[in-house]
Amino acid sequence: MGRDANDPSAAMSALERQRRGLLAGFGASALLTLFPRITAAAGGADTRFLLVLLRGGLDGLHLLPPYAEPAYATLRRDGVVADPIRIDGLFGLHPAMQQSAAMYRAGQLLPLVAVAPPYRQRSHFDAQDCLENGTATPNGARDGWLGRCVRAMPSESALAVAAVMPLAMRGSDRASNWWPPLPRPVDPQLLQQLQPLYAADARLSETFERSAASAGMPRDGKGAFALPEAMRVAAQRMGAADGPRIGFVEDSGWDSHRNQAPQLQRKLAELDQGLAAARDGFGALWPRTVVAVVTEFGRTAALNGTEGTDHGTGGMALLCGGAVRGGRIGGDWPGLSPSQLNEGRDLRATTDLRAVFKSVLSEHLGLAEAAVESGVFPDSRALPPLRSWRRA
């Protein structure tokens with residue numbers, strides 16, 4: 001039997017439903033007012049952000065050679081990249097970056113020139129620490145900026161495809177790391193720490209890479225868990241309906257002091273395959289994805305006496321994904337003439353990497369700018385965010 005409309009209890013029930021509806025509506029309005037950027041992103045955008053850190057200092061002038069810059073050939077001598085994939089009147093991509101060039105032509109790849117963390121010296125460890133902790137100095141924080149980002153978001157999770165939790169991801173209990181089981185007891189952190197010591201010698205580096213690969217470290221791409229597979233796994237897990245919105249992948253072996261041409265031929269091919277693997281892994285979420293490829297610093301502008309490059313300052317980064325407005329070069333190019341180089345030897349950094357990260361967090365992930373500048377990147381208010389990088 002239905003309840004009589006004149007029954008007082010029915011009237012009270014209707015009033016209670018109306019009251020609860022008004023409270024629910026007020027609550028939603030209040031949340032939208034207090035946290036407009038966060039609520040919008042969590043409620044519908046469903047965006048993804050994957051950070052790829054290339055440890056060792058990628059030579060950006062080798063990945064993106066400024067073939068039309070007169071000083072480039074003088075500085076690089078026999079190390080000039082032959083037949084780059086010309087993408088504009090000044091720059092070309094290394095020939096190993098074939099799939100990346102296709103993404104560039106599709107408007108999904110944005111190379112950023114002359115970027116670096118605020119640390120502008122030449123220590124791998126200090127530069128990586130500064131890049132990951134998100135402050136202006138090494139050891140400036142005990143947690144990482146990605147971890148603080150996750151902590152500032154309502155309920156999102158994060159995944160690092162790494163043998164140990166990277167500093168960048170520390171600071172949130174909603175961040176986790178995953179790595180395939182090692183075939184035998186090996187301390188992966190020890191291997192990571194040993195790698196830079198062997199990288200300076202071409203023969204020892206090759207031996208170390210074979211040994212590390214047999215222990216499950218991503219070294220040579222010959223059956224090991226190399227960069228393309230790590231990026232594929234991250235993308236597939238993040239591409240799930242309830243997957244993490246933030247991801248992290250790392251790769252080492254980018255320190256190219258000697259005979260860098262064959263070393264970077266192999267490493268850039270892996271990076272190119274990794275970007276394609278990430279695109280395929282994200283699947284339907286690719287249009288709402290940003291992948292940022294970064295490194296701790298650049299290399300010397302001139303080739304050294306052993307056909308390699310030494311630690312520099314200004315480097316480069318890549319923004320890739322369906323949410324990126326690519327097909328052009330971003331950043332402020334300072335030039336390579338002697339008067340334009342930093343300390344007469346390095347590409348001068350003109351963009352702080354924190355400005356790039358701030359833009360991704362606010363414009364893509366929807367984190368409130370106040371939260372980014374006060375909690376995620378403290379003391380970064382004076383840094384203008386990167387503009388016009390995101391597809392409308």
# chains A, B, ... in the order shown; residues from 1 in each chain; ligands from 1
call {"tool": "residues_around", "arguments": {"residues": "region 148-161 of chain A", "least_positions_apart": "3", "cutoff": "10 Å", "atoms": "only C-alpha atoms", "output": "number ranges by chain"}}
result
A: 38-39, 41-42, 49-52, 133-134, 143-145, 164-166, 168-180, 230-231, 233-234, 237-238, 242-250, 361, 365-368, 371-372, 375-377
call {"tool": "write_last_selection", "arguments": {"atoms": "N, CA and C atoms", "output": "compact mmCIF listing (two decimals), in the first residue's frame"}}
result
# COMPACT_ATOMS: atom_id res chain seq x y z
N ILE A 38 41.00 21.65 -8.04
CA ILE A 38 41.11 20.26 -7.65
C ILE A 38 39.83 19.51 -7.96
N THR A 39 38.68 20.12 -7.60
CA THR A 39 37.41 19.43 -7.78
C THR A 39 37.13 19.17 -9.25
N ALA A 41 39.26 18.76 -11.70
CA ALA A 41 40.12 17.71 -12.23
C ALA A 41 39.70 16.35 -11.72
N ALA A 42 39.40 16.26 -10.41
CA ALA A 42 39.04 14.96 -9.84
C ALA A 42 37.70 14.49 -10.36
N PHE A 49 49.75 11.99 -15.63
CA PHE A 49 51.06 12.62 -15.77
C PHE A 49 52.14 11.61 -15.42
N LEU A 50 53.04 11.37 -16.37
CA LEU A 50 54.15 10.44 -16.18
C LEU A 50 55.45 11.21 -16.30
N LEU A 51 56.29 11.14 -15.26
CA LEU A 51 57.61 11.77 -15.27
C LEU A 51 58.65 10.70 -15.56
N VAL A 52 59.52 10.95 -16.54
CA VAL A 52 60.60 10.04 -16.90
C VAL A 52 61.91 10.76 -16.62
N ASN A 133 63.78 16.88 -5.16
CA ASN A 133 63.16 17.43 -3.95
C ASN A 133 62.32 18.67 -4.23
N GLY A 134 62.51 19.28 -5.40
CA GLY A 134 61.64 20.38 -5.80
C GLY A 134 61.95 21.71 -5.15
N ASP A 143 61.45 15.06 1.42
CA ASP A 143 60.50 14.37 0.56
C ASP A 143 60.61 14.95 -0.84
N GLY A 144 59.77 14.46 -1.76
CA GLY A 144 59.87 14.89 -3.15
C GLY A 144 58.64 15.65 -3.61
N TRP A 145 58.79 16.39 -4.70
CA TRP A 145 57.68 17.24 -5.14
C TRP A 145 56.51 16.43 -5.68
N VAL A 164 63.75 1.04 -6.13
CA VAL A 164 63.56 1.63 -4.81
C VAL A 164 62.74 2.90 -4.98
N MET A 165 62.03 3.30 -3.93
CA MET A 165 61.20 4.49 -4.03
C MET A 165 62.08 5.71 -4.29
N PRO A 166 61.90 6.40 -5.42
CA PRO A 166 62.73 7.57 -5.71
C PRO A 166 62.38 8.74 -4.79
N ALA A 168 61.79 11.73 -5.56
CA ALA A 168 60.73 12.55 -6.13
C ALA A 168 59.35 12.12 -5.66
N MET A 169 59.17 10.83 -5.35
CA MET A 169 57.86 10.29 -5.02
C MET A 169 57.63 10.15 -3.51
N ARG A 170 58.65 10.45 -2.71
CA ARG A 170 58.49 10.28 -1.27
C ARG A 170 57.64 11.40 -0.67
N GLY A 171 56.89 11.05 0.36
CA GLY A 171 56.11 12.07 1.05
C GLY A 171 54.62 11.79 1.09
N SER A 172 54.18 10.70 0.47
CA SER A 172 52.76 10.36 0.50
C SER A 172 52.60 8.86 0.66
N ASP A 173 51.66 8.47 1.52
CA ASP A 173 51.40 7.04 1.69
C ASP A 173 50.54 6.49 0.56
N ARG A 174 50.14 7.37 -0.38
CA ARG A 174 49.39 6.90 -1.55
C ARG A 174 50.30 6.71 -2.76
N ALA A 175 51.60 6.80 -2.55
CA ALA A 175 52.59 6.54 -3.60
C ALA A 175 53.25 5.19 -3.33
N SER A 176 53.38 4.38 -4.36
CA SER A 176 54.01 3.07 -4.22
C SER A 176 54.99 2.87 -5.36
N ASN A 177 55.88 1.89 -5.20
CA ASN A 177 56.80 1.56 -6.28
C ASN A 177 56.70 0.07 -6.61
N TRP A 178 57.02 -0.24 -7.86
CA TRP A 178 56.96 -1.63 -8.33
C TRP A 178 58.17 -1.88 -9.21
N TRP A 179 58.69 -3.12 -9.11
CA TRP A 179 59.82 -3.53 -9.94
C TRP A 179 59.74 -5.05 -10.07
N PRO A 180 60.08 -5.60 -11.23
CA PRO A 180 60.02 -7.07 -11.36
C PRO A 180 60.99 -7.74 -10.39
N ALA A 230 59.69 -0.55 -19.02
CA ALA A 230 59.30 0.18 -17.82
C ALA A 230 58.23 1.22 -18.14
N MET A 231 58.39 1.93 -19.25
CA MET A 231 57.41 2.94 -19.63
C MET A 231 56.09 2.30 -20.05
N VAL A 233 54.87 -0.58 -18.85
CA VAL A 233 54.21 -1.03 -17.63
C VAL A 233 53.56 0.14 -16.90
N ALA A 234 54.30 1.24 -16.76
CA ALA A 234 53.75 2.42 -16.10
C ALA A 234 52.49 2.90 -16.80
N ARG A 237 49.43 0.48 -16.38
CA ARG A 237 48.83 0.56 -15.04
C ARG A 237 48.13 1.89 -14.84
N MET A 238 48.72 2.97 -15.33
CA MET A 238 48.08 4.27 -15.20
C MET A 238 46.87 4.40 -16.11
N ASP A 242 40.83 2.84 -12.93
CA ASP A 242 41.10 3.30 -11.57
C ASP A 242 42.60 3.39 -11.31
N GLY A 243 43.38 3.58 -12.36
CA GLY A 243 44.83 3.58 -12.23
C GLY A 243 45.37 4.85 -11.62
N PRO A 244 46.63 4.84 -11.22
CA PRO A 244 47.26 6.03 -10.65
C PRO A 244 47.26 7.18 -11.66
N ARG A 245 47.06 8.38 -11.18
CA ARG A 245 47.08 9.54 -12.08
C ARG A 245 48.49 10.07 -12.28
N ILE A 246 49.40 9.70 -11.38
CA ILE A 246 50.77 10.20 -11.44
C ILE A 246 51.73 9.00 -11.48
N GLY A 247 52.72 9.06 -12.36
CA GLY A 247 53.68 7.98 -12.48
C GLY A 247 55.10 8.49 -12.61
N PHE A 248 56.03 7.59 -12.34
CA PHE A 248 57.46 7.93 -12.40
C PHE A 248 58.21 6.74 -12.96
N VAL A 249 59.11 7.00 -13.90
CA VAL A 249 60.01 5.99 -14.45
C VAL A 249 61.40 6.59 -14.49
N GLU A 250 62.42 5.78 -14.19
CA GLU A 250 63.79 6.28 -14.24
C GLU A 250 64.65 5.36 -15.10
N LEU A 361 51.25 20.67 -13.23
CA LEU A 361 50.43 20.37 -12.06
C LEU A 361 49.16 21.22 -12.02
N LEU A 365 46.87 18.68 -14.21
CA LEU A 365 46.31 17.88 -13.11
C LEU A 365 45.26 18.64 -12.32
N GLY A 366 45.21 19.96 -12.48
CA GLY A 366 44.17 20.73 -11.82
C GLY A 366 44.46 21.12 -10.39
N LEU A 367 45.70 21.04 -9.96
CA LEU A 367 46.05 21.43 -8.61
C LEU A 367 46.03 22.96 -8.51
N ALA A 368 45.45 23.48 -7.43
CA ALA A 368 45.36 24.93 -7.26
C ALA A 368 46.75 25.55 -7.25
N ALA A 371 48.32 26.01 -3.91
CA ALA A 371 48.85 24.76 -3.33
C ALA A 371 50.18 24.40 -3.97
N VAL A 372 50.32 24.63 -5.27
CA VAL A 372 51.57 24.33 -5.96
C VAL A 372 52.70 25.20 -5.41
N GLY A 375 53.06 24.53 -1.22
CA GLY A 375 53.34 23.22 -0.69
C GLY A 375 54.22 22.35 -1.57
N VAL A 376 53.98 22.35 -2.87
CA VAL A 376 54.70 21.45 -3.76
C VAL A 376 56.06 22.03 -4.14
N PHE A 377 56.08 23.29 -4.56
CA PHE A 377 57.33 23.98 -4.91
C PHE A 377 57.47 25.24 -4.07
call {"tool": "closest_residue", "arguments": {"among": "A:Ala241, A:Leu167, A:Leu386, A:Val356", "to": "Ala141 (chain A)", "atoms": "only C-alpha atoms"}}
result
A:Leu167
call {"tool": "residues_around", "arguments": {"residues": "region 305-318 of chain A", "least_positions_apart": "3", "cutoff": "6 Å", "atoms": "only C-alpha atoms", "output": "list in words"}}
result
Gly60, Leu110, Pro111, Leu112, Val113, Ala114, Val115, Ala116, Arg120, Arg122, Ser256, His257, Arg258, Asn259, Gln260, Ala292, Val293, Val294, Phe297, Gly298, Arg299, Thr300, Asp346, Leu347, Arg348 and Ala349 of chain A
call {"tool": "write_last_selection", "arguments": {"atoms": "N, CA, C and O atoms", "output": "compact mmCIF listing (two decimals), in the first residue's frame"}}
result
# COMPACT_ATOMS: atom_id res chain seq x y z
N GLY A 60 71.60 17.21 -24.52
CA GLY A 60 70.48 17.72 -25.31
C GLY A 60 70.89 18.15 -26.71
O GLY A 60 70.08 18.10 -27.64
N LEU A 110 56.66 18.25 -27.68
CA LEU A 110 57.16 19.61 -27.53
C LEU A 110 58.55 19.56 -26.89
O LEU A 110 58.67 19.37 -25.68
N PRO A 111 59.63 19.70 -27.68
CA PRO A 111 60.96 19.80 -27.08
C PRO A 111 61.14 21.16 -26.41
O PRO A 111 60.75 22.19 -26.97
N LEU A 112 61.71 21.15 -25.22
CA LEU A 112 61.98 22.38 -24.48
C LEU A 112 63.50 22.54 -24.38
O LEU A 112 64.17 21.68 -23.82
N VAL A 113 64.01 23.63 -24.88
CA VAL A 113 65.46 23.83 -24.92
C VAL A 113 65.92 24.65 -23.71
O VAL A 113 65.16 25.42 -23.13
N ALA A 114 67.19 24.46 -23.35
CA ALA A 114 67.88 25.29 -22.34
C ALA A 114 67.15 25.29 -21.00
O ALA A 114 66.92 26.34 -20.41
N VAL A 115 66.80 24.10 -20.51
CA VAL A 115 66.14 23.99 -19.21
C VAL A 115 67.06 23.27 -18.23
O VAL A 115 67.94 22.50 -18.62
N ALA A 116 66.84 23.51 -16.94
CA ALA A 116 67.63 22.88 -15.88
C ALA A 116 66.95 23.13 -14.55
O ALA A 116 66.18 24.09 -14.42
N ARG A 120 72.83 24.78 -10.57
CA ARG A 120 73.53 25.00 -11.85
C ARG A 120 75.00 24.60 -11.77
O ARG A 120 75.84 25.17 -12.47
N ARG A 122 77.72 20.93 -11.29
CA ARG A 122 77.92 19.77 -12.15
C ARG A 122 78.06 18.45 -11.40
O ARG A 122 78.72 17.53 -11.87
N SER A 256 77.85 10.48 -20.65
CA SER A 256 78.53 10.12 -21.91
C SER A 256 79.86 10.84 -22.05
O SER A 256 80.06 11.67 -22.93
N HIS A 257 80.81 10.50 -21.17
CA HIS A 257 82.13 11.16 -21.20
C HIS A 257 82.99 10.70 -22.37
O HIS A 257 83.85 11.46 -22.82
N ARG A 258 82.82 9.46 -22.80
CA ARG A 258 83.68 8.91 -23.85
C ARG A 258 82.84 8.26 -24.94
O ARG A 258 81.85 7.60 -24.66
N ASN A 259 83.27 8.49 -26.18
CA ASN A 259 82.67 7.78 -27.32
C ASN A 259 81.14 7.79 -27.23
O ASN A 259 80.49 6.77 -27.30
N GLN A 260 80.59 8.99 -27.13
CA GLN A 260 79.17 9.09 -26.83
C GLN A 260 78.26 8.75 -28.01
O GLN A 260 77.11 8.38 -27.80
N ALA A 292 56.54 13.80 -19.29
CA ALA A 292 57.67 14.74 -19.24
C ALA A 292 58.95 13.94 -19.11
O ALA A 292 59.11 13.14 -18.19
N VAL A 293 59.87 14.14 -20.05
CA VAL A 293 61.19 13.49 -20.03
C VAL A 293 62.21 14.54 -19.62
O VAL A 293 62.37 15.56 -20.31
N VAL A 294 62.89 14.30 -18.50
CA VAL A 294 63.83 15.30 -17.97
C VAL A 294 65.14 14.63 -17.57
O VAL A 294 65.23 13.40 -17.46
N PHE A 297 71.03 17.60 -15.74
CA PHE A 297 71.73 18.73 -16.35
C PHE A 297 72.14 18.34 -17.77
O PHE A 297 71.96 17.21 -18.20
N GLY A 298 72.68 19.32 -18.50
CA GLY A 298 73.13 19.05 -19.85
C GLY A 298 74.61 18.67 -19.87
O GLY A 298 75.18 18.25 -18.86
N ARG A 299 75.23 18.80 -21.02
CA ARG A 299 76.65 18.46 -21.18
C ARG A 299 77.40 19.67 -21.70
O ARG A 299 76.79 20.69 -22.07
N THR A 300 78.70 19.57 -21.75
CA THR A 300 79.49 20.66 -22.32
C THR A 300 79.12 20.84 -23.80
O THR A 300 78.81 19.88 -24.51
N ASP A 346 79.22 25.81 -21.39
CA ASP A 346 77.95 25.11 -21.36
C ASP A 346 76.84 25.91 -22.01
O ASP A 346 76.85 27.15 -21.98
N LEU A 347 75.85 25.19 -22.52
CA LEU A 347 74.61 25.85 -22.92
C LEU A 347 74.03 26.54 -21.68
O LEU A 347 73.96 25.95 -20.61
N ARG A 348 73.65 27.79 -21.82
CA ARG A 348 73.11 28.53 -20.68
C ARG A 348 71.65 28.16 -20.45
O ARG A 348 70.85 28.16 -21.38
N ALA A 349 71.30 27.84 -19.22
CA ALA A 349 69.92 27.50 -18.88
C ALA A 349 69.09 28.77 -18.79
O ALA A 349 69.46 29.72 -18.09
call {"tool": "residues_around", "arguments": {"residues": "region 73-82 of chain A", "least_positions_apart": "5", "cutoff": "8 Å", "atoms": "only C-alpha atoms", "output": "VMD selection string"}}
result
chain A and resid 62 65 67 94 261 301 to 303 307
call {"tool": "residues_around", "arguments": {"residues": "Ala392 (chain A)", "least_positions_apart": "3", "cutoff": "10 Å", "atoms": "only C-alpha atoms", "output": "count of residues only"}}
result
5
call {"tool": "closest_residue", "arguments": {"among": "A:Thr295, A:Gln108, A:Ser374, A:Ser362", "to": "Phe125 (chain A)", "atoms": "only C-alpha atoms"}}
result
A:Thr295
call {"tool": "select_by_dssp", "arguments": {"residues": "region 22-170 of chain A", "states": "alpha helix (DSSP H)", "output": "ChimeraX atom specification"}}
result
/A:22-34,36-40,60-63,70-76,98-105,124-133,145-152
call {"tool": "atom_distance", "arguments": {"atom1": "CA of Ala68 (chain A)", "atom2": "CA of Asp83 (chain A)"}}
result
12.1 Å
call {"tool": "residues_around", "arguments": {"residues": "Ala276 (chain A)", "least_positions_apart": "5", "cutoff": "9 Å", "atoms": "only C-alpha atoms", "output": "list of chain:residue names"}}
result
A:Gln99, A:Ser100, A:Met103, A:Pro228, A:Arg232, A:Leu271, A:Gly281
call {"tool": "write_last_selection", "arguments": {"atoms": "N, CA and C atoms", "output": "PDB file, in the first residue's frame"}}
result
ATOM      1  N   GLN A  99      60.057   7.572 -34.132  1.00  0.00           N
ATOM      2  CA  GLN A  99      58.658   7.608 -33.679  1.00  0.00           C
ATOM      3  C   GLN A  99      58.352   8.922 -32.960  1.00  0.00           C
ATOM      4  N   SER A 100      59.351   9.465 -32.283  1.00  0.00           N
ATOM      5  CA  SER A 100      59.174  10.764 -31.655  1.00  0.00           C
ATOM      6  C   SER A 100      58.966  11.846 -32.707  1.00  0.00           C
ATOM      7  N   MET A 103      55.466  11.799 -33.686  1.00  0.00           N
ATOM      8  CA  MET A 103      54.637  12.462 -32.672  1.00  0.00           C
ATOM      9  C   MET A 103      54.760  13.979 -32.790  1.00  0.00           C
ATOM     10  N   PRO A 228      61.994   0.969 -22.420  1.00  0.00           N
ATOM     11  CA  PRO A 228      60.701   0.814 -23.102  1.00  0.00           C
ATOM     12  C   PRO A 228      59.701  -0.027 -22.320  1.00  0.00           C
ATOM     13  N   ARG A 232      56.180   1.132 -20.680  1.00  0.00           N
ATOM     14  CA  ARG A 232      54.953   0.425 -21.062  1.00  0.00           C
ATOM     15  C   ARG A 232      54.169  -0.011 -19.820  1.00  0.00           C
ATOM     16  N   LEU A 271      64.782   5.342 -25.674  1.00  0.00           N
ATOM     17  CA  LEU A 271      63.848   6.394 -25.290  1.00  0.00           C
ATOM     18  C   LEU A 271      62.735   6.533 -26.309  1.00  0.00           C
ATOM     19  N   GLY A 281      50.488   2.095 -24.340  1.00  0.00           N
ATOM     20  CA  GLY A 281      50.040   1.613 -23.045  1.00  0.00           C
ATOM     21  C   GLY A 281      48.906   2.435 -22.457  1.00  0.00           C
TER      22      GLY A 281
END
call {"tool": "closest_residue", "arguments": {"among": "A:Pro384, A:Pro287, A:Gly107, A:Gly330", "to": "Asp46 (chain A)", "atoms": "only C-alpha atoms"}}
result
A:Pro287
